[in-house]
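Novice: Encoded as structure tokens, here's the structure I'll be asking about.
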Amino acid sequence: MTTGRKRQANFELLRILAMLMVVVMHFLSLTGALPEAQEGNFPDERKIFGVLLESFCIVAVNVYVLLSGYFLSEKAFSFRRLKNLLFQILFYTLLIPPVLAVFGKLSWQEVFDPYHLWNCLFPVESGHYWFVTAYVVMLLFSPLLNAAVKTLPRRQLKAAILGLLVFFCLGKSLSILPFGTDRYGYDFGWFCCLYLIAAYLRKHGSTFLYGKKRGGLLYLASCASVAALSLLCLFVCARTGLLEYYASVPFHYNFLLCLTGALGLFAVFAGIRIPEGGLSEAVRRISPAVFGVYLIHEHVDVSSRWAMWIVRDVSEHFWGYLIQMTESVLLVFALCVCIDLLRARLFAAAGRILSRTGPGRRFTRLLDGLDEMMKD
């Protein structure tokens, strides 16, 4: 995602890692590896492992949004880019249900249920994928955010970001009771805040986050603290019934340590240089397809089922579970990447065919005209 140049392999590798982390977190949740905060419910060995692994993966969503803000903040808003994203989303929301019905994983009655069809036709507005809804709205706000980054002096921009962090992050990170306005980072407001942070880092940099070593220490310390705090709250709740809400707070995307962990990991990969060659080309080839991994395995008809399609009997033994998780995550990731690479080829071929038709040319000219309006 660089302007007129090859994608930077270090950041594209981070994008791949972030999506692998997302799949890991979903597998942990679907297989019951995460403990519930409840009086008398002490986590066993497998659930302690689940908390530890979740703690080091929880930064993934913030990292993904930071990557978008880092690169898109220096680009003009593109209706063509938004169109491609929406078509990719619709491809999966509309195609997956009939495919599942053909293979007997979903009834045709469910496929043609009016409410289900409406969710699939309007995935952004319906919240079919919570991330997509927040992300698309953030993209629609990006011209305003970019203008603010471009025109505001560094001091004012920093003050604005700090004000947003106070509202979205700092207060809730300290409160043992939930706030009515808090969406736990599952909303476009938090995404816009992350976008501005990444845009600030792109434009002004940060001595605090400079260097792989410092970034790595920040990531490790933040995630280890998330794990320690979560386990402490779980054991306190199991013994006394207190802190039931706060036991989940360290795993909220707008929790302070989740943010600092994401910034640390971002700084690590910012300092990595991957030599040109086979590895960098493979990374660049795979990374555009990782969003398809999310769209496929988190489809409303797949999200709660895919793990048990692969692992029917979850191992109670630590090493057995670890092997199951590793195999399942890699299988889902590889399969979904292959599907999305094929989808991209189909879209490219269809685009070439449509470009030769009258309606296709008119639609292209419309998008070009709109994009031209968004340029300086």
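Every chain in the structure tokens has a letter given in the order shown (A, B, ...), and although residue numbers restart at 1 in each chain, ligands are simply numbered from 1 in the order shown.
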Leaving out region 309-318 of chain A and any residue of its chain fewer than 5 positions from it, which residues lie within 9 Å of it when counting only C-alpha atoms, given as a tab-separated table (two decimals) with N, CA and C atoms, in the first residue's frame?
Specialist:
chain	number	residue	atom	x	y	z
A	31	THR	N	-13.42	-22.89	20.80
A	31	THR	CA	-13.13	-24.20	21.40
A	31	THR	C	-13.14	-24.15	22.93
A	45	GLU	N	-5.32	-25.49	33.47
A	45	GLU	CA	-4.08	-25.29	32.72
A	45	GLU	C	-4.35	-24.82	31.29
A	46	ARG	N	-5.33	-25.46	30.62
A	46	ARG	CA	-5.61	-25.10	29.23
A	46	ARG	C	-6.15	-23.69	29.11
A	49	PHE	N	-3.41	-21.17	29.56
A	49	PHE	CA	-2.70	-21.07	28.29
A	49	PHE	C	-3.49	-20.22	27.30
A	323	ILE	N	-1.48	-28.73	19.22
A	323	ILE	CA	-1.34	-29.28	17.87
A	323	ILE	C	-2.60	-29.04	17.06
A	324	GLN	N	-3.77	-29.28	17.68
A	324	GLN	CA	-5.04	-29.04	16.99
A	324	GLN	C	-5.18	-27.58	16.57
A	325	MET	N	-4.83	-26.69	17.46
A	325	MET	CA	-4.95	-25.27	17.17
A	325	MET	C	-4.02	-24.86	16.03
A	328	SER	N	-5.28	-26.28	12.70
A	328	SER	CA	-6.53	-25.66	12.28
A	328	SER	C	-6.31	-24.24	11.77
Novice: Give me the residues of region 257-359 of chain A that have any atom at most 12 Å from an atom of region 233-252 of chain A; for each, the nearest atom pair and the distance in Å, rounded to one decimal. Use only C-alpha atoms, sort by chain and number, and format it as a Markdown table.
Specialist:
| residue | atom | partner | partner_atom | distance |
| --- | --- | --- | --- | --- |
| A:Leu257 | CA | A:Pro250 | CA | 7.3 |
| A:Cys258 | CA | A:Pro250 | CA | 7.2 |
| A:Leu259 | CA | A:His252 | CA | 9.7 |
| A:Thr260 | CA | A:Pro250 | CA | 11.9 |
| A:Gly261 | CA | A:Pro250 | CA | 11.5 |
Novice: How would the residues just picked look written out with N, CA and C atoms as a PDB file, in the first residue's frame?
Specialist:
ATOM      1  N   LEU A 257      -3.164  -0.975  27.489  1.00  0.00           N
ATOM      2  CA  LEU A 257      -2.069  -1.903  27.223  1.00  0.00           C
ATOM      3  C   LEU A 257      -2.223  -2.602  25.877  1.00  0.00           C
ATOM      4  N   CYS A 258      -3.457  -2.761  25.426  1.00  0.00           N
ATOM      5  CA  CYS A 258      -3.689  -3.319  24.089  1.00  0.00           C
ATOM      6  C   CYS A 258      -3.173  -2.343  23.031  1.00  0.00           C
ATOM      7  N   LEU A 259      -3.390  -1.059  23.259  1.00  0.00           N
ATOM      8  CA  LEU A 259      -2.887  -0.030  22.343  1.00  0.00           C
ATOM      9  C   LEU A 259      -1.355   0.014  22.359  1.00  0.00           C
ATOM     10  N   THR A 260      -0.750   0.056  23.547  1.00  0.00           N
ATOM     11  CA  THR A 260       0.709   0.145  23.610  1.00  0.00           C
ATOM     12  C   THR A 260       1.369  -1.112  23.034  1.00  0.00           C
ATOM     13  N   GLY A 261       0.735  -2.268  23.243  1.00  0.00           N
ATOM     14  CA  GLY A 261       1.263  -3.498  22.652  1.00  0.00           C
ATOM     15  C   GLY A 261       1.243  -3.446  21.133  1.00  0.00           C
TER      16      GLY A 261
END
Novice: Using only C-alpha atoms, determine which residues lie at most 9 Å from Ile272 (chain A), disregarding the query and same-chain residues fewer than 2 positions distant; provide the list as a ChimeraX atom specification.
Specialist: /A:10-11,212,267-270,274
Novice: Convert the current residue selection to file output with N, CA and C atoms, as a CSV table (one decimal), in the first residue's frame.
Specialist:
chain,number,residue,atom,x,y,z
A,10,ASN,N,8.0,-5.6,4.9
A,10,ASN,CA,8.0,-5.7,6.4
A,10,ASN,C,6.6,-5.4,6.9
A,11,PHE,N,5.9,-4.4,6.4
A,11,PHE,CA,4.6,-4.1,6.9
A,11,PHE,C,3.6,-5.1,6.4
A,212,LYS,N,13.7,-1.3,16.9
A,212,LYS,CA,13.1,-2.6,17.0
A,212,LYS,C,13.1,-3.1,18.5
A,267,ALA,N,6.2,-0.9,15.8
A,267,ALA,CA,7.6,-0.4,15.8
A,267,ALA,C,8.6,-1.4,15.5
A,268,VAL,N,8.4,-2.7,15.9
A,268,VAL,CA,9.3,-3.8,15.6
A,268,VAL,C,9.4,-4.0,14.1
A,269,PHE,N,8.2,-4.1,13.5
A,269,PHE,CA,8.2,-4.4,12.0
A,269,PHE,C,8.6,-3.1,11.2
A,270,ALA,N,8.4,-1.9,11.8
A,270,ALA,CA,8.9,-0.8,11.1
A,270,ALA,C,10.4,-0.8,10.9
A,274,ILE,N,13.3,-6.5,5.0
A,274,ILE,CA,13.3,-7.8,4.3
A,274,ILE,C,14.0,-7.7,3.0
Novice: In terms of the shortest atom-to-atom distance over only C-alpha atoms, which of A:Leu217, A:Cys192, A:Leu53, A:Ile48 is closest to Leu139 (chain A)?
Specialist: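 Among the listed residues, A:Cys192 lies closest to Leu139 (chain A).
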Novice: Can you work out which one of A:Gly180, A:Tyr321, A:Asn62, A:Arg305 has the shortest atom-to-atom distance to Cys193 (chain A), counting only C-alpha atoms?
Specialist: A:Asn62
Novice: Quick one: of A:Tyr135, A:Tyr200, A:Phe333, A:Phe71, who's nearest to Arg7 (chain A), counting only C-alpha atoms?
Specialist: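 Nearest candidate to Arg7 (chain A) out of A:Tyr135, A:Tyr200, A:Phe333, A:Phe71: A:Phe71.
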Novice: Quick one: of A:Phe91, A:Lys105, A:Gly277, A:Gln156, who's nearest to Asp340 (chain A), counting only C-alpha atoms?
Specialist: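 Looking only at the distances to Asp340 (chain A), the closest residue turns out to be A:Phe91.
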Novice: Which distance in Å separates CA of Phe131 (chain A) and CA of Val332 (chain A), to one decimal?
Specialist: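 We find that CA of Phe131 (chain A) and CA of Val332 (chain A) lie 19.0 Å from each other.
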Novice: Would you kindly return, as a list in words, each protein, DNA or RNA residue with an atom no farther than 7 Å from any atom of Gly69 (chain A), considering only C-alpha atoms and excluding same-chain residues fewer than 5 positions away?
Specialist: Tyr195, Leu196, Ala198 and Ala199 of chain A
Novice: Just checking: using only C-alpha atoms, which residue out of A:Gly171, A:Pro153, A:Gly189, A:Gly292 ends up closest to Leu256 (chain A)?
Specialist: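 That would be A:Gly171, the residue with the smallest distance to Leu256 (chain A).
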Novice: What is the distance, in Å and to one decimal place, between CA of Leu95 (chain A) and CA of Trp130 (chain A)?
Specialist: 19.1 Å
Novice: Of the residues A:Phe255, A:Val226, A:Leu94, A:Leu86, which is the one nearest to Leu165 (chain A), using only C-alpha atoms?
Specialist: A:Phe255
Novice: Just want the 7 Å neighbourhood of Trp190 (chain A), counted on only C-alpha atoms, with same-chain residues fewer than 3 positions away dropped. Output as an mmCIF file with all heavy atoms, in the first residue's frame.
Specialist:
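Final output, saved to selection-v4.cif:
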data_model
loop_
_atom_site.group_PDB
_atom_site.id
_atom_site.type_symbol
_atom_site.label_atom_id
_atom_site.label_comp_id
_atom_site.auth_asym_id
_atom_site.auth_seq_id
_atom_site.Cartn_x
_atom_site.Cartn_y
_atom_site.Cartn_z
ATOM 1 N N PHE A 168 -11.727 7.601 24.725
ATOM 2 C CA PHE A 168 -11.904 6.226 24.268
ATOM 3 C C PHE A 168 -11.117 5.195 25.073
ATOM 4 O O PHE A 168 -11.507 4.034 25.135
ATOM 5 C CB PHE A 168 -11.483 6.093 22.796
ATOM 6 C CG PHE A 168 -12.476 6.628 21.811
ATOM 7 C CD1 PHE A 168 -12.219 7.790 21.119
ATOM 8 C CD2 PHE A 168 -13.674 5.972 21.572
ATOM 9 C CE1 PHE A 168 -13.121 8.301 20.201
ATOM 10 C CE2 PHE A 168 -14.580 6.454 20.659
ATOM 11 C CZ PHE A 168 -14.310 7.628 19.976
ATOM 12 N N GLY A 185 -13.874 -0.725 21.821
ATOM 13 C CA GLY A 185 -13.013 -0.641 20.644
ATOM 14 C C GLY A 185 -13.602 -1.278 19.409
ATOM 15 O O GLY A 185 -12.945 -1.349 18.369
ATOM 16 N N ASP A 187 -15.794 -0.116 17.354
ATOM 17 C CA ASP A 187 -16.561 0.939 16.702
ATOM 18 C C ASP A 187 -15.646 1.840 15.884
ATOM 19 O O ASP A 187 -14.434 1.844 16.054
ATOM 20 C CB ASP A 187 -17.323 1.767 17.735
ATOM 21 C CG ASP A 187 -16.396 2.463 18.724
ATOM 22 O OD1 ASP A 187 -15.315 1.916 18.999
ATOM 23 O OD2 ASP A 187 -16.742 3.540 19.217
ATOM 24 N N CYS A 193 -9.515 7.060 15.860
ATOM 25 C CA CYS A 193 -8.455 7.439 16.791
ATOM 26 C C CYS A 193 -7.153 6.738 16.425
ATOM 27 O O CYS A 193 -6.081 7.357 16.372
ATOM 28 C CB CYS A 193 -8.876 7.094 18.217
ATOM 29 S SG CYS A 193 -7.705 7.583 19.498
ATOM 30 N N LEU A 194 -7.219 5.434 16.130
ATOM 31 C CA LEU A 194 -6.040 4.686 15.703
ATOM 32 C C LEU A 194 -5.489 5.232 14.392
ATOM 33 O O LEU A 194 -4.269 5.322 14.195
ATOM 34 C CB LEU A 194 -6.391 3.204 15.541
ATOM 35 C CG LEU A 194 -6.697 2.422 16.817
ATOM 36 C CD1 LEU A 194 -7.235 1.040 16.470
ATOM 37 C CD2 LEU A 194 -5.458 2.300 17.699
ATOM 38 N N ASN A 254 -9.708 -1.118 22.996
ATOM 39 C CA ASN A 254 -9.344 0.242 23.409
ATOM 40 C C ASN A 254 -8.778 0.290 24.826
ATOM 41 O O ASN A 254 -8.746 1.344 25.449
ATOM 42 C CB ASN A 254 -10.533 1.189 23.274
ATOM 43 C CG ASN A 254 -11.731 0.769 24.125
ATOM 44 O OD1 ASN A 254 -11.789 -0.355 24.609
ATOM 45 N ND2 ASN A 254 -12.681 1.670 24.300
#
Novice: Region 97-201 of chain A: which residues are helix (DSSP H, G or I) by DSSP, as JSON, numbers by chain?
Specialist: {"A": [97, 98, 99, 100, 101, 102, 108, 109, 110, 111, 114, 115, 116, 117, 118, 119, 120, 121, 123, 124, 125, 126, 130, 131, 132, 133, 134, 135, 136, 137, 138, 139, 140, 141, 142, 143, 144, 145, 146, 147, 148, 149, 150, 151, 154, 155, 156, 157, 158, 159, 160, 161, 162, 163, 164, 165, 166, 167, 168, 169, 170, 171, 172, 173, 174, 188, 189, 190, 191, 192, 193, 194, 195, 196, 197, 198, 199, 200, 201]}
Novice: Suppose you want the space between CA of Tyr186 (chain A) and CA of Pro97 (chain A); what is it in Å?
Specialist: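 Going from CA of Tyr186 (chain A) over to CA of Pro97 (chain A) covers 25.2 Å.
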Novice: So which residues touch Val329 (chain A) within 9 Å, counting only C-alpha atoms, skipping near sequence neighbours fewer than 6 positions away, as a PDB file with N, CA and C atoms, in the first residue's frame?
Specialist:
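Done, and the output landed in out_35.pdb:
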ATOM      1  N   LEU A  20      -3.213 -13.868  11.176  1.00  0.00           N
ATOM      2  CA  LEU A  20      -3.015 -15.157  11.838  1.00  0.00           C
ATOM      3  C   LEU A  20      -3.409 -15.061  13.310  1.00  0.00           C
ATOM      4  N   VAL A  23      -7.189 -15.212  13.644  1.00  0.00           N
ATOM      5  CA  VAL A  23      -7.714 -16.576  13.519  1.00  0.00           C
ATOM      6  C   VAL A  23      -7.437 -17.374  14.790  1.00  0.00           C
ATOM      7  N   VAL A  24      -6.261 -17.186  15.386  1.00  0.00           N
ATOM      8  CA  VAL A  24      -5.938 -17.858  16.648  1.00  0.00           C
ATOM      9  C   VAL A  24      -6.938 -17.465  17.729  1.00  0.00           C
ATOM     10  N   PHE A  27     -10.232 -19.150  17.203  1.00  0.00           N
ATOM     11  CA  PHE A  27     -10.174 -20.577  17.525  1.00  0.00           C
ATOM     12  C   PHE A  27     -10.240 -20.782  19.036  1.00  0.00           C
ATOM     13  N   ALA A 307     -14.474 -23.960  13.403  1.00  0.00           N
ATOM     14  CA  ALA A 307     -13.508 -24.679  14.241  1.00  0.00           C
ATOM     15  C   ALA A 307     -13.948 -26.118  14.481  1.00  0.00           C
TER      16      ALA A 307
END
